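The structure under discussion appears below in the form of structure tokens.
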Amino acid sequence: MRKPWQRLLWLKQAYPDNYTDPAFLNEVAQLQEALSKPQKTSSYAQVVIDFSLFYHRILNTGLMYVAFTLLHFYHFDPTYFTIGLTSFAFLIAIVYHYITVQIKSSLIIIFTMLILSPVLKSLSKTTSSDSIWTISCWLTAFYVLSIFLHTDSITSTNILVANVAVLASRLESTTDVFCFLLICIEINILLPYVEQSLLARNYNLIYVISFCLDNLIAYYFVARCLGWYYVFIFGVSAITFVLVLPRYFIYWQRNYYKSDPFLCRWDAKKSILD
Amino acid sequence: MKYIYWPKVVGYDKNDARIVIALQVSGSDLIVISLLTPREAQLLHKGHRFVRVGHFDHNSDFVSELDEKDICIVEFWPPKLNLMQFYALEPISLALPEKADSTLLSRATGVYSSPKETFQMRESIDAINLYYKHLQSLRTLIHRAGPPNRGIPVCRITRAAADLCGLLPLFSTLRQALKYVIIFMHSCARLLSAVLNWTPPCLVSFSATAQQIDLRCQQFCYFPVQYLRITENAVFNRMRPRSELNVHNFKEKQETGRGSSSMGTFPCEYYLDYIRFYNTIWLIVNDVSFGLTVGTLLAENKLSIAKFINFHLTDYLFHKVHYITAYLGQNPLGIKLNGELAHFLSDLFLWIIDFSYSTYIKRILDVSSIQTVISIVSRTSCCFGVTFALSLAVDVVSILSMHISLFYYISAKMYHWQLHVMRSLLYLFWGKKRNVLRKRVDSNMFELDQLVMGTLFFTVMVFLLPTLAVFYISFTALRMTILIPELLLESLMALLNHFPLFVLLLRLKDPSRIPGGVSMRVLGSKNRFALRNNPLTVSSMFRPYSLLMGMMAENYCSVATLKQILVGQPITIKRYKMYQVLYSTLPKTPIATSKLWEALKESRLSQLSQING
């Protein structure tokens, strides 16, 4: 009983070089058919939308740093802003008859944060700021990665909260910590929920408005703090990400991706990087 | 192949005794008992257990008269039972049989607990052990059958008993009184031991002194039993050969009941009791004599010792601990701990230190009170032995280091709780949940509020963990340091209490009293062997100690312990459980007083009967 033949060149097998597997002869007709059809690719618009959704999540994460910088470096009083944002969140929940988070649990969250904010503030006070920035940077990287892998997993939420808790120790007062926590949770957890529900209900215009608003806020802030040079860099990379990368994706899909099972099995292999 | 066991004391001599007479018992090989003259040999009946197996010819060569020609001669030195020598196939066990069979010892040493198989060799060895008895029996048999024999020892005994008659009432009164004293002391010791072993408090597991008292009580409870066994054995030894009655009995027993039942209660089984009994007594005497020396030394240098102890213990138990705890509160070694928690813990522990110092440590470590303690210890040492002094010292040290144990337990508990909570929250972090019913981890979709709360708490815990861990590690190290001197003192106590001194000396003096099996050596000519006794090896004498060492190593420095330390489970010393291994010469529960009472009554009867002849 010989070992079955495998389509692997680097394997030493007890078959002659010009051996033809009987399975190939059976399936050659279907393979011809698959080869004659043109290669299917995704539509460019769809890929761009998917990429921009991901970009939007990253932008939301960036908004967290915007809020942090405002509180930490510019000593912005967050009270009124937080009150406004929270009321706005409740308003949206009521207006759309779509209560993503129940009133009870939101109250629980708010009170927990109120209780824990002094603890969070003093938690890593002795740790030097450099360590905090490093930890926060890594947590952000993990957060983006977890969003990339699973759009709505528990882990990403958890990493975000951990990141916020780490950053909170650098703030001035307990009120700041509380407001920062609340803002971050609203921006990064509630806002994506709302936006997804907008998309699901085909309120595309409102979604586009919120997307533009996000961009506007983020770039305005970068322009105010770091200057137009950084705006340019960020803008170019964002445009590359949203508009150019999908092109490359489709190119790759057309040339290298084998969706058909017969093609997958019998097609001549090509190296992925030319 | 026929084996003939040949005692080295039997050989061709100048007399005309040339007929070789051997013992033939079912199941055993032939054992040569003696040489007889042809006239004496005539007196032996056919079908008797003593049979003629051969004779010496004119060249003084042994000529076999057996049917089987293929014979093998095994020479041996007959063991002298009155000197407590004997052969044994298996190494004798210094531990009591019930202890030797108990799971711990057999598991550790792989000693078989199956009943001893019966085979020819064993039967032969049993017969060899009784060689002199058989010899006596043969002689009496011949003398009885033959012409009038020498003076009967029974006469002498009766005469001696008659002489004693005047003193007899006095003796019996004294004996009665002694019996009541023994019963009274036995019940006291038993009660004390029961109180000390009383669970829930179970004093023996806390205090070394209680353990020591318990040990002595148990030993004391066992003494009468051991003594009775030894004396009964001695009586048994003396009685048989002297009176013909007993030879009759013995013979009848041999012929009717026989076998293993009467031989099973061999005198040599009680030699072990003898060894154990005198070992214990010797150790106690040693203990007391050491105690006298140490006690005197302590009493003489009371002041300087007190000053020394006062200075060093105050330094180590108060100042150093105080310094370390205070240091932990201020970012030790540059590690950035959580300031608030570190301050809180440090303050808490400092408060306990101050409290315990001002309440009792200061008072105990006062020079005058140390002197009192030392004088108590020295007196105890003089009266009860150095082990009591050591156990008192161990207890004093553990009382003085109580605050450190307390810190250890507190920090271990906190650390353990924290780890436990963190594990649950970590499951939550990954969206999982422990299923208690199925004992596994399942995925679970949590509500947003649960998630956010859990994560906030988890973050808090992660940042607080290093602070707690630092406290936990330092106090664990402190506690381990305190444990080392205690362990050393306890090991010394264990040595003094259970050292196999008697057996070691027997090994030097008379190795055939502690048989550890037999070996056969080929002698020059063909088919001649010598049976030799292998004395007990030193390692088997110290087996309880090696077991204890193994247990200690397992308890204090093993991977399992390290794991326990890492997860914050408090390490408790199962001291009593550990030293139980050494109690191998003591029964698990002391004998009931009523049983002892009955045994004493019976022994009186047997001893009286012995005196009366």
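By order of appearance in the structure tokens: chains A, B, ..., then residues from 1 within every chain, and ligands from 1 in the order shown.
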
Checklist line | Interface list for chain B, partner chain A, 10 Å threshold, only C-alpha atoms, as a ChimeraX atom specification | finding: /B:331,335-341,428-432,444-464

Same residues, C-alpha atoms, saved as an mmCIF file, in the first residue's frame:
```
data_model
loop_
_atom_site.group_PDB
_atom_site.id
_atom_site.type_symbol
_atom_site.label_atom_id
_atom_site.label_comp_id
_atom_site.auth_asym_id
_atom_site.auth_seq_id
_atom_site.Cartn_x
_atom_site.Cartn_y
_atom_site.Cartn_z
ATOM 1 C CA ASN B 331 8.818 52.763 47.667
ATOM 2 C CA ILE B 335 9.968 50.155 43.080
ATOM 3 C CA LYS B 336 7.048 52.481 42.526
ATOM 4 C CA LEU B 337 4.273 50.981 44.570
ATOM 5 C CA ASN B 338 0.836 52.385 44.988
ATOM 6 C CA GLY B 339 1.507 54.994 47.628
ATOM 7 C CA GLU B 340 -1.832 54.962 49.405
ATOM 8 C CA LEU B 341 -2.092 51.197 49.755
ATOM 9 C CA LEU B 428 -14.486 38.436 32.165
ATOM 10 C CA PHE B 429 -11.832 40.363 30.266
ATOM 11 C CA TRP B 430 -11.806 37.663 27.593
ATOM 12 C CA GLY B 431 -15.598 37.275 27.675
ATOM 13 C CA LYS B 432 -15.517 33.997 29.547
ATOM 14 C CA ASN B 444 -20.477 34.315 27.968
ATOM 15 C CA MET B 445 -21.902 37.533 26.536
ATOM 16 C CA PHE B 446 -21.800 40.065 29.330
ATOM 17 C CA GLU B 447 -23.883 43.200 29.637
ATOM 18 C CA LEU B 448 -22.058 46.432 29.028
ATOM 19 C CA ASP B 449 -22.335 47.551 32.635
ATOM 20 C CA GLN B 450 -20.900 44.259 33.889
ATOM 21 C CA LEU B 451 -18.057 44.571 31.438
ATOM 22 C CA VAL B 452 -17.168 48.120 32.273
ATOM 23 C CA MET B 453 -17.352 47.528 36.013
ATOM 24 C CA GLY B 454 -15.324 44.342 35.787
ATOM 25 C CA THR B 455 -12.657 45.943 33.688
ATOM 26 C CA LEU B 456 -12.393 48.953 35.949
ATOM 27 C CA PHE B 457 -11.931 46.685 38.949
ATOM 28 C CA PHE B 458 -9.480 44.529 37.069
ATOM 29 C CA THR B 459 -7.359 47.533 36.174
ATOM 30 C CA VAL B 460 -7.402 48.653 39.788
ATOM 31 C CA MET B 461 -6.357 45.168 40.913
ATOM 32 C CA VAL B 462 -3.538 44.923 38.394
ATOM 33 C CA PHE B 463 -2.065 48.172 39.628
ATOM 34 C CA LEU B 464 -2.431 47.190 43.290
#
```

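Within range 407-508 of chain B, the backbone-based DSSP assignment of strand (DSSP E) covers Lys432, Lys433, Arg434, Asn435, Arg440, Val441, Asp442 and Ser443 of chain B.
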
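When the distance limit is 10 Å and only C-alpha atoms are what count, the residues near Met64 in chain A, minus those fewer than 4 positions from it on the same chain, are A:Leu59, A:Asn60, A:Phe68, A:Thr69, A:Leu70, A:Leu160, A:Val164, A:Phe180, A:Leu181, A:Ile183, A:Cys184, A:Ile185, A:Glu186, A:Ile187, A:Asn188.
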
Would you output that residue set with C-alpha atoms, as a compact mmCIF listing (two decimals), in the first residue's frame?
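Below is the file part-v4.txt, written as the result:
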```txt
# COMPACT_ATOMS: atom_id res chain seq x y z
CA LEU A 59 -10.51 58.22 14.55
CA ASN A 60 -12.79 57.63 17.53
CA PHE A 68 -7.17 63.71 27.27
CA THR A 69 -4.89 66.40 25.86
CA LEU A 70 -7.56 69.03 26.41
CA LEU A 160 -10.17 50.52 25.98
CA VAL A 164 -8.61 55.03 29.99
CA PHE A 180 -12.75 61.78 31.11
CA LEU A 181 -13.99 58.25 31.77
CA ILE A 183 -16.47 61.00 27.65
CA CYS A 184 -14.29 58.13 26.53
CA ILE A 185 -16.97 55.55 27.11
CA GLU A 186 -19.50 57.67 25.24
CA ILE A 187 -17.18 58.33 22.32
CA ASN A 188 -15.73 54.86 21.97
```

Checklist line | Shortest interatomic distance to Arg265 in chain A - which of A:Leu25, A:Ala14, A:Leu31, A:Leu9, counting only C-alpha atoms | finding: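 Of all the options, A:Leu31 lies closest to Arg265 in chain A.
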
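For Ser491 in chain B, the non-local neighbours within 12 Å, defined as residues at least 3 positions apart in the same chain or in other chains and counting only C-alpha atoms, are B:Ala208, B:Thr387, B:Leu390, B:Ser391, B:Val394, B:Ile484, B:Pro485, B:Glu486, B:Leu487, B:Leu488, B:Ala494, B:Leu495, B:Leu496, B:Asn497, B:His498, B:Phe499, B:Tyr545, B:Leu548, B:Met549, B:Met552, B:Arg575, B:Met578, B:Tyr579, B:Leu582.
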
Notebook entry, point to check: Do you know which residues are at most 10 Å from range 516-525 of chain B counting only C-alpha atoms, after dropping those on the same chain fewer than 2 positions away, and could you put them as a PyMOL selection string?
Noted result: chain B and resi 73-76+87-93+125+511-514+527-537+540

Next item on the list: Could you tell me how far CA of Thr175 in chain A lies from CA of Leu191 in chain A, in Å and to one decimal?
Entry: 22.3 Å

Checklist line | Interatomic distance, CA of Arg18 in chain B to CA of Leu36 in chain B (Å, one decimal) | finding: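 Atom-to-atom, CA of Arg18 in chain B to CA of Leu36 in chain B, that is 6.0 Å.
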
Test item: residues at most 12 Å from Tyr230 in chain A, only C-alpha atoms, excluding those fewer than 6 positions along its chain, as a PDB file with C-alpha atoms, in the first residue's frame:
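Resulting contents of result.pdb:
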```pdb
ATOM      1  CA  ALA A 218      -9.760  65.649  14.979  1.00  0.00           C
ATOM      2  CA  TYR A 219      -7.987  67.643  12.269  1.00  0.00           C
ATOM      3  CA  TYR A 220      -8.931  70.970  13.762  1.00  0.00           C
ATOM      4  CA  PHE A 221      -7.400  69.840  17.016  1.00  0.00           C
ATOM      5  CA  VAL A 222      -4.250  68.540  15.326  1.00  0.00           C
ATOM      6  CA  ALA A 223      -3.957  71.825  13.459  1.00  0.00           C
ATOM      7  CA  ARG A 224      -4.348  73.827  16.675  1.00  0.00           C
ATOM      8  CA  VAL A 236      -2.318  62.086   3.334  1.00  0.00           C
ATOM      9  CA  SER A 237      -1.994  58.840   5.242  1.00  0.00           C
ATOM     10  CA  ALA A 238      -5.750  58.753   5.870  1.00  0.00           C
TER      11      ALA A 238
END
```

Item checked: Exercise: Tyr15 in chain A partners within 12 Å, only C-alpha atoms, chain neighbours under 6 positions left out, as number ranges by chain -> A: 2-9, 21
